[in-house]
file model-v8.pdb (PDB, C-alpha atoms)
ATOM      1  CA  MET N  27     -33.825 -28.446  47.196  1.00  0.00           C
ATOM      2  CA  ARG N  28     -32.006 -25.363  48.317  1.00  0.00           C
ATOM      3  CA  PRO N  29     -28.838 -26.280  46.385  1.00  0.00           C
ATOM      4  CA  MET N  30     -30.989 -26.418  43.242  1.00  0.00           C
ATOM      5  CA  ILE N  31     -31.953 -22.765  43.741  1.00  0.00           C
ATOM      6  CA  LEU N  32     -28.582 -21.671  45.079  1.00  0.00           C
ATOM      7  CA  ILE N  33     -26.552 -22.940  42.118  1.00  0.00           C
ATOM      8  CA  PRO N  34     -28.462 -20.967  39.422  1.00  0.00           C
ATOM      9  CA  ALA N  35     -28.493 -17.882  41.650  1.00  0.00           C
ATOM     10  CA  LEU N  36     -24.730 -18.154  42.127  1.00  0.00           C
ATOM     11  CA  ALA N  37     -24.175 -18.663  38.397  1.00  0.00           C
ATOM     12  CA  LEU N  38     -26.279 -15.588  37.638  1.00  0.00           C
ATOM     13  CA  ALA N  39     -24.395 -13.486  40.189  1.00  0.00           C
ATOM     14  CA  LEU N  40     -21.063 -14.541  38.712  1.00  0.00           C
ATOM     15  CA  ALA N  41     -22.235 -13.791  35.189  1.00  0.00           C
ATOM     16  CA  LEU N  42     -23.501 -10.349  36.132  1.00  0.00           C
ATOM     17  CA  GLY N  43     -20.344  -9.622  38.086  1.00  0.00           C
ATOM     18  CA  SER N  44     -18.125 -10.577  35.180  1.00  0.00           C
ATOM     19  CA  GLN N  45     -20.212  -8.431  32.797  1.00  0.00           C
ATOM     20  CA  ALA N  46     -19.733  -5.449  35.107  1.00  0.00           C
ATOM     21  CA  THR N  47     -15.988  -6.097  35.147  1.00  0.00           C
ATOM     22  CA  ILE N  48     -15.881  -6.320  31.352  1.00  0.00           C
ATOM     23  CA  ALA N  49     -17.836  -3.067  31.007  1.00  0.00           C
ATOM     24  CA  ALA N  50     -15.520  -1.327  33.478  1.00  0.00           C
ATOM     25  CA  GLU N  51     -12.470  -2.490  31.502  1.00  0.00           C
ATOM     26  CA  ARG N  52     -13.783  -1.300  28.140  1.00  0.00           C
ATOM     27  CA  ASP N  53     -12.091   1.752  26.708  1.00  0.00           C
ATOM     28  CA  VAL N  54     -14.864   3.926  25.346  1.00  0.00           C
ATOM     29  CA  SER N  55     -12.851   7.141  25.404  1.00  0.00           C
ATOM     30  CA  GLU N  56     -12.603   7.140  21.602  1.00  0.00           C
ATOM     31  CA  LEU N  57     -16.363   7.560  21.316  1.00  0.00           C
ATOM     32  CA  SER N  58     -16.126  11.251  22.081  1.00  0.00           C
ATOM     33  CA  THR N  59     -12.466  12.146  21.800  1.00  0.00           C
ATOM     34  CA  PRO N  60     -12.408  15.416  19.898  1.00  0.00           C
ATOM     35  CA  VAL N  61      -9.724  16.551  17.536  1.00  0.00           C
ATOM     36  CA  VAL N  62     -10.263  20.126  18.704  1.00  0.00           C
ATOM     37  CA  VAL N  63      -6.879  20.007  20.418  1.00  0.00           C
ATOM     38  CA  LEU N  64      -5.220  20.563  17.027  1.00  0.00           C
ATOM     39  CA  THR N  65      -6.189  24.235  16.667  1.00  0.00           C
ATOM     40  CA  PRO N  66      -4.836  25.296  20.077  1.00  0.00           C
ATOM     41  CA  ALA N  67      -1.635  23.345  19.360  1.00  0.00           C
ATOM     42  CA  VAL N  68      -1.155  25.246  16.104  1.00  0.00           C
ATOM     43  CA  ALA N  69      -1.927  28.584  17.766  1.00  0.00           C
ATOM     44  CA  ARG N  70       0.359  27.990  20.780  1.00  0.00           C
ATOM     45  CA  ASN N  71       3.246  26.741  18.679  1.00  0.00           C
ATOM     46  CA  ALA N  72       3.279  29.203  15.780  1.00  0.00           C
ATOM     47  CA  ASP N  73       6.983  29.908  16.286  1.00  0.00           C
ATOM     48  CA  SER N  74       8.143  26.301  16.592  1.00  0.00           C
ATOM     49  CA  LEU N  75       6.022  25.411  13.551  1.00  0.00           C
ATOM     50  CA  ASP N  76       7.725  28.252  11.664  1.00  0.00           C
ATOM     51  CA  LEU N  77       4.422  29.691  10.496  1.00  0.00           C
ATOM     52  CA  ASP N  78       4.716  32.431   7.899  1.00  0.00           C
ATOM     53  CA  GLU N  79       2.571  35.583   8.007  1.00  0.00           C
ATOM     54  CA  THR N  80      -0.159  34.097   5.804  1.00  0.00           C
ATOM     55  CA  GLN N  81      -0.396  31.055   8.066  1.00  0.00           C
ATOM     56  CA  ARG N  82      -0.426  33.219  11.198  1.00  0.00           C
ATOM     57  CA  GLU N  83      -3.280  35.235   9.721  1.00  0.00           C
ATOM     58  CA  ALA N  84      -5.145  31.985   8.979  1.00  0.00           C
ATOM     59  CA  VAL N  85      -4.737  31.010  12.649  1.00  0.00           C
ATOM     60  CA  LYS N  86      -6.158  34.378  13.785  1.00  0.00           C
ATOM     61  CA  GLU N  87      -9.116  34.121  11.404  1.00  0.00           C
ATOM     62  CA  TRP N  88      -9.879  30.544  12.409  1.00  0.00           C
ATOM     63  CA  LEU N  89      -9.701  31.355  16.127  1.00  0.00           C
ATOM     64  CA  ALA N  90     -11.943  34.390  15.653  1.00  0.00           C
ATOM     65  CA  SER N  91     -14.878  32.324  14.424  1.00  0.00           C
ATOM     66  CA  SER N  92     -14.594  28.551  14.342  1.00  0.00           C
ATOM     67  CA  PRO N  93     -14.354  27.688  18.056  1.00  0.00           C
ATOM     68  CA  ALA N  94     -17.425  29.828  18.808  1.00  0.00           C
ATOM     69  CA  ILE N  95     -19.413  28.064  16.073  1.00  0.00           C
ATOM     70  CA  ARG N  96     -18.369  24.628  17.367  1.00  0.00           C
ATOM     71  CA  GLU N  97     -19.049  25.540  20.996  1.00  0.00           C
ATOM     72  CA  ALA N  98     -22.528  26.871  20.137  1.00  0.00           C
ATOM     73  CA  HIS N  99     -23.264  23.594  18.357  1.00  0.00           C
ATOM     74  CA  GLU N 100     -22.007  21.622  21.356  1.00  0.00           C
ATOM     75  CA  ASP N 101     -24.222  23.717  23.644  1.00  0.00           C
ATOM     76  CA  ARG N 102     -27.245  22.918  21.458  1.00  0.00           C
ATOM     77  CA  MET N 103     -26.344  19.221  21.687  1.00  0.00           C
ATOM     78  CA  VAL N 104     -26.102  19.345  25.478  1.00  0.00           C
ATOM     79  CA  ALA N 105     -29.494  21.074  25.631  1.00  0.00           C
ATOM     80  CA  ALA N 106     -31.011  18.498  23.262  1.00  0.00           C
ATOM     81  CA  ARG N 107     -29.688  15.649  25.403  1.00  0.00           C
ATOM     82  CA  ALA N 108     -31.098  17.296  28.541  1.00  0.00           C
ATOM     83  CA  GLU N 109     -34.423  17.672  26.778  1.00  0.00           C
ATOM     84  CA  LEU N 110     -34.396  13.981  25.862  1.00  0.00           C
ATOM     85  CA  ARG N 111     -33.704  13.062  29.494  1.00  0.00           C
ATOM     86  CA  GLU N 112     -36.681  15.178  30.550  1.00  0.00           C
ATOM     87  CA  MET N 113     -38.836  13.550  27.887  1.00  0.00           C
ATOM     88  CA  ILE N 114     -37.850  10.119  29.204  1.00  0.00           C
ATOM     89  CA  LEU N 115     -38.526  11.073  32.823  1.00  0.00           C
ATOM     90  CA  ASN N 116     -41.835  12.733  31.933  1.00  0.00           C
ATOM     91  CA  ASN N 117     -43.019   9.715  29.944  1.00  0.00           C
ATOM     92  CA  ALA N 118     -43.144  11.436  26.563  1.00  0.00           C
ATOM     93  CA  SER N 119     -44.340   9.280  23.712  1.00  0.00           C
ATOM     94  CA  SER N 120     -41.947   6.840  22.093  1.00  0.00           C
ATOM     95  CA  GLU N 121     -42.342   8.717  18.817  1.00  0.00           C
ATOM     96  CA  ALA N 122     -41.303  12.013  20.425  1.00  0.00           C
ATOM     97  CA  ARG N 123     -38.306  10.411  22.116  1.00  0.00           C
ATOM     98  CA  GLU N 124     -37.273   8.691  18.887  1.00  0.00           C
ATOM     99  CA  ALA N 125     -37.498  12.004  17.009  1.00  0.00           C
ATOM    100  CA  GLN N 126     -35.382  13.722  19.665  1.00  0.00           C
ATOM    101  CA  ALA N 127     -32.812  10.922  19.591  1.00  0.00           C
ATOM    102  CA  ALA N 128     -32.657  11.169  15.786  1.00  0.00           C
ATOM    103  CA  ALA N 129     -32.132  14.926  16.031  1.00  0.00           C
ATOM    104  CA  ILE N 130     -29.296  14.355  18.514  1.00  0.00           C
ATOM    105  CA  GLY N 131     -27.761  11.799  16.172  1.00  0.00           C
ATOM    106  CA  LYS N 132     -27.879  14.299  13.311  1.00  0.00           C
ATOM    107  CA  MET N 133     -26.261  16.941  15.514  1.00  0.00           C
ATOM    108  CA  GLU N 134     -23.525  14.474  16.513  1.00  0.00           C
ATOM    109  CA  ALA N 135     -22.817  13.726  12.840  1.00  0.00           C
ATOM    110  CA  GLU N 136     -22.631  17.452  12.114  1.00  0.00           C
ATOM    111  CA  LEU N 137     -20.157  17.923  14.967  1.00  0.00           C
ATOM    112  CA  LEU N 138     -17.982  15.062  13.746  1.00  0.00           C
ATOM    113  CA  LEU N 139     -17.900  16.610  10.278  1.00  0.00           C
ATOM    114  CA  MET N 140     -17.082  20.028  11.789  1.00  0.00           C
ATOM    115  CA  ARG N 141     -14.107  18.460  13.518  1.00  0.00           C
ATOM    116  CA  SER N 142     -13.110  16.672  10.332  1.00  0.00           C
ATOM    117  CA  ASN N 143     -13.291  19.940   8.393  1.00  0.00           C
ATOM    118  CA  CYS N 144     -11.098  21.566  11.035  1.00  0.00           C
ATOM    119  CA  VAL N 145      -8.359  18.995  10.475  1.00  0.00           C
ATOM    120  CA  ASP N 146      -8.741  19.422   6.714  1.00  0.00           C
ATOM    121  CA  HIS N 147      -8.388  23.178   7.197  1.00  0.00           C
ATOM    122  CA  TRP N 148      -5.061  22.806   9.010  1.00  0.00           C
ATOM    123  CA  ARG N 149      -3.892  20.217   6.504  1.00  0.00           C
ATOM    124  CA  GLY N 150      -4.470  22.867   3.816  1.00  0.00           C
ATOM    125  CA  VAL N 151      -2.907  25.779   5.714  1.00  0.00           C
ATOM    126  CA  LEU N 152       0.203  23.976   6.940  1.00  0.00           C
ATOM    127  CA  ASP N 153       2.772  22.208   4.836  1.00  0.00           C
ATOM    128  CA  GLU N 154       3.261  18.474   5.317  1.00  0.00           C
ATOM    129  CA  ARG N 155       6.085  18.850   7.858  1.00  0.00           C
ATOM    130  CA  GLN N 156       4.208  21.474   9.867  1.00  0.00           C
ATOM    131  CA  PHE N 157       1.044  19.389   9.897  1.00  0.00           C
ATOM    132  CA  ALA N 158       2.907  16.309  11.125  1.00  0.00           C
ATOM    133  CA  GLN N 159       4.597  18.407  13.820  1.00  0.00           C
ATOM    134  CA  ALA N 160       1.248  19.962  14.820  1.00  0.00           C
ATOM    135  CA  LEU N 161      -0.228  16.480  15.234  1.00  0.00           C
ATOM    136  CA  GLU N 162       2.684  15.572  17.505  1.00  0.00           C
ATOM    137  CA  LEU N 163       2.316  18.760  19.540  1.00  0.00           C
ATOM    138  CA  ALA N 164      -1.414  18.091  19.950  1.00  0.00           C
ATOM    139  CA  GLY N 165      -0.747  14.517  21.073  1.00  0.00           C
ATOM    140  CA  LEU N 166      -2.521  13.127  18.019  1.00  0.00           C
ATOM    141  CA  ALA N 167       0.423  11.591  16.167  1.00  0.00           C
ATOM    142  CA  GLU N 168      -0.060   8.191  17.825  1.00  0.00           C
ATOM    143  CA  ALA N 169      -3.704   8.181  16.672  1.00  0.00           C
ATOM    144  CA  ARG N 170      -2.572   7.842  13.070  1.00  0.00           C
TER     145      ARG N 170
END

call {"tool": "encode", "arguments": {"input": "model-v8.pdb", "output": "structure tokens"}}
result
Amino acid sequence: MRPMILIPALALALALGSQATIAAERDVSELSTPVVVLTPAVARNADSLDLDETQREAVKEWLASSPAIREAHEDRMVAARAELREMILNNASSEAREAQAAAIGKMEAELLLMRSNCVDHWRGVLDERQFAQALELAGLAEAR
């Protein structure tokens, strides 16, 4: 009788172990990889990108406002996620948790579009060669 119980238990242990291995091997880094490395690459490499005065002024203007706007949004997202964790731990209603999760999802979409608009901004400021070089300098060329 014991082998009858032992065999399913062993099969379950192996299945769970292999699932853990699969999860550990998954590459989920792309889920939150930001493209925010492009702006610092442009700013740090103004000379090697041969930026003209108009482009250099665009870099200064962008750095003066855009990172602060993005960072404030990210801070709101972190706070919203912390609030959701507290709601979960404090047994808030399912409706309240669902509303908070939806708000976080909306914020995530807004952040993704902010990052997309940033890339579009540099695509418009730089010429095609400069943009391609900026992608390389930011380590984003292989992502294309």

call {"tool": "closest_residue", "arguments": {"input": "model-v8.pdb", "among": "N:Val151, N:Met140, N:Ile95, N:Ala135", "to": "Glu83 in chain N", "atoms": "all atoms listed in the file"}}
result
N:Val151

call {"tool": "residues_around", "arguments": {"input": "model-v8.pdb", "residues": "range 107-116 of chain N", "least_positions_apart": "2", "cutoff": "12 Å", "atoms": "all atoms listed in the file", "output": "ChimeraX atom specification"}}
result
/N:100-105,118-131,133-134

call {"tool": "residues_around", "arguments": {"input": "model-v8.pdb", "residues": "range 142-146 of chain N", "least_positions_apart": "5", "cutoff": "9 Å", "atoms": "all atoms listed in the file", "output": "number ranges by chain"}}
result
N: 61-62, 64-65, 92, 137, 151

call {"tool": "closest_residue", "arguments": {"input": "model-v8.pdb", "among": "N:His99, N:Arg70, N:Leu152, N:Leu139", "to": "Ala84 in chain N", "atoms": "all atoms listed in the file"}}
result
N:Leu152

call {"tool": "atom_distance", "arguments": {"input": "model-v8.pdb", "atom1": "CA of Thr80 in chain N", "atom2": "CA of Glu168 in chain N"}}
result
28.6 Å
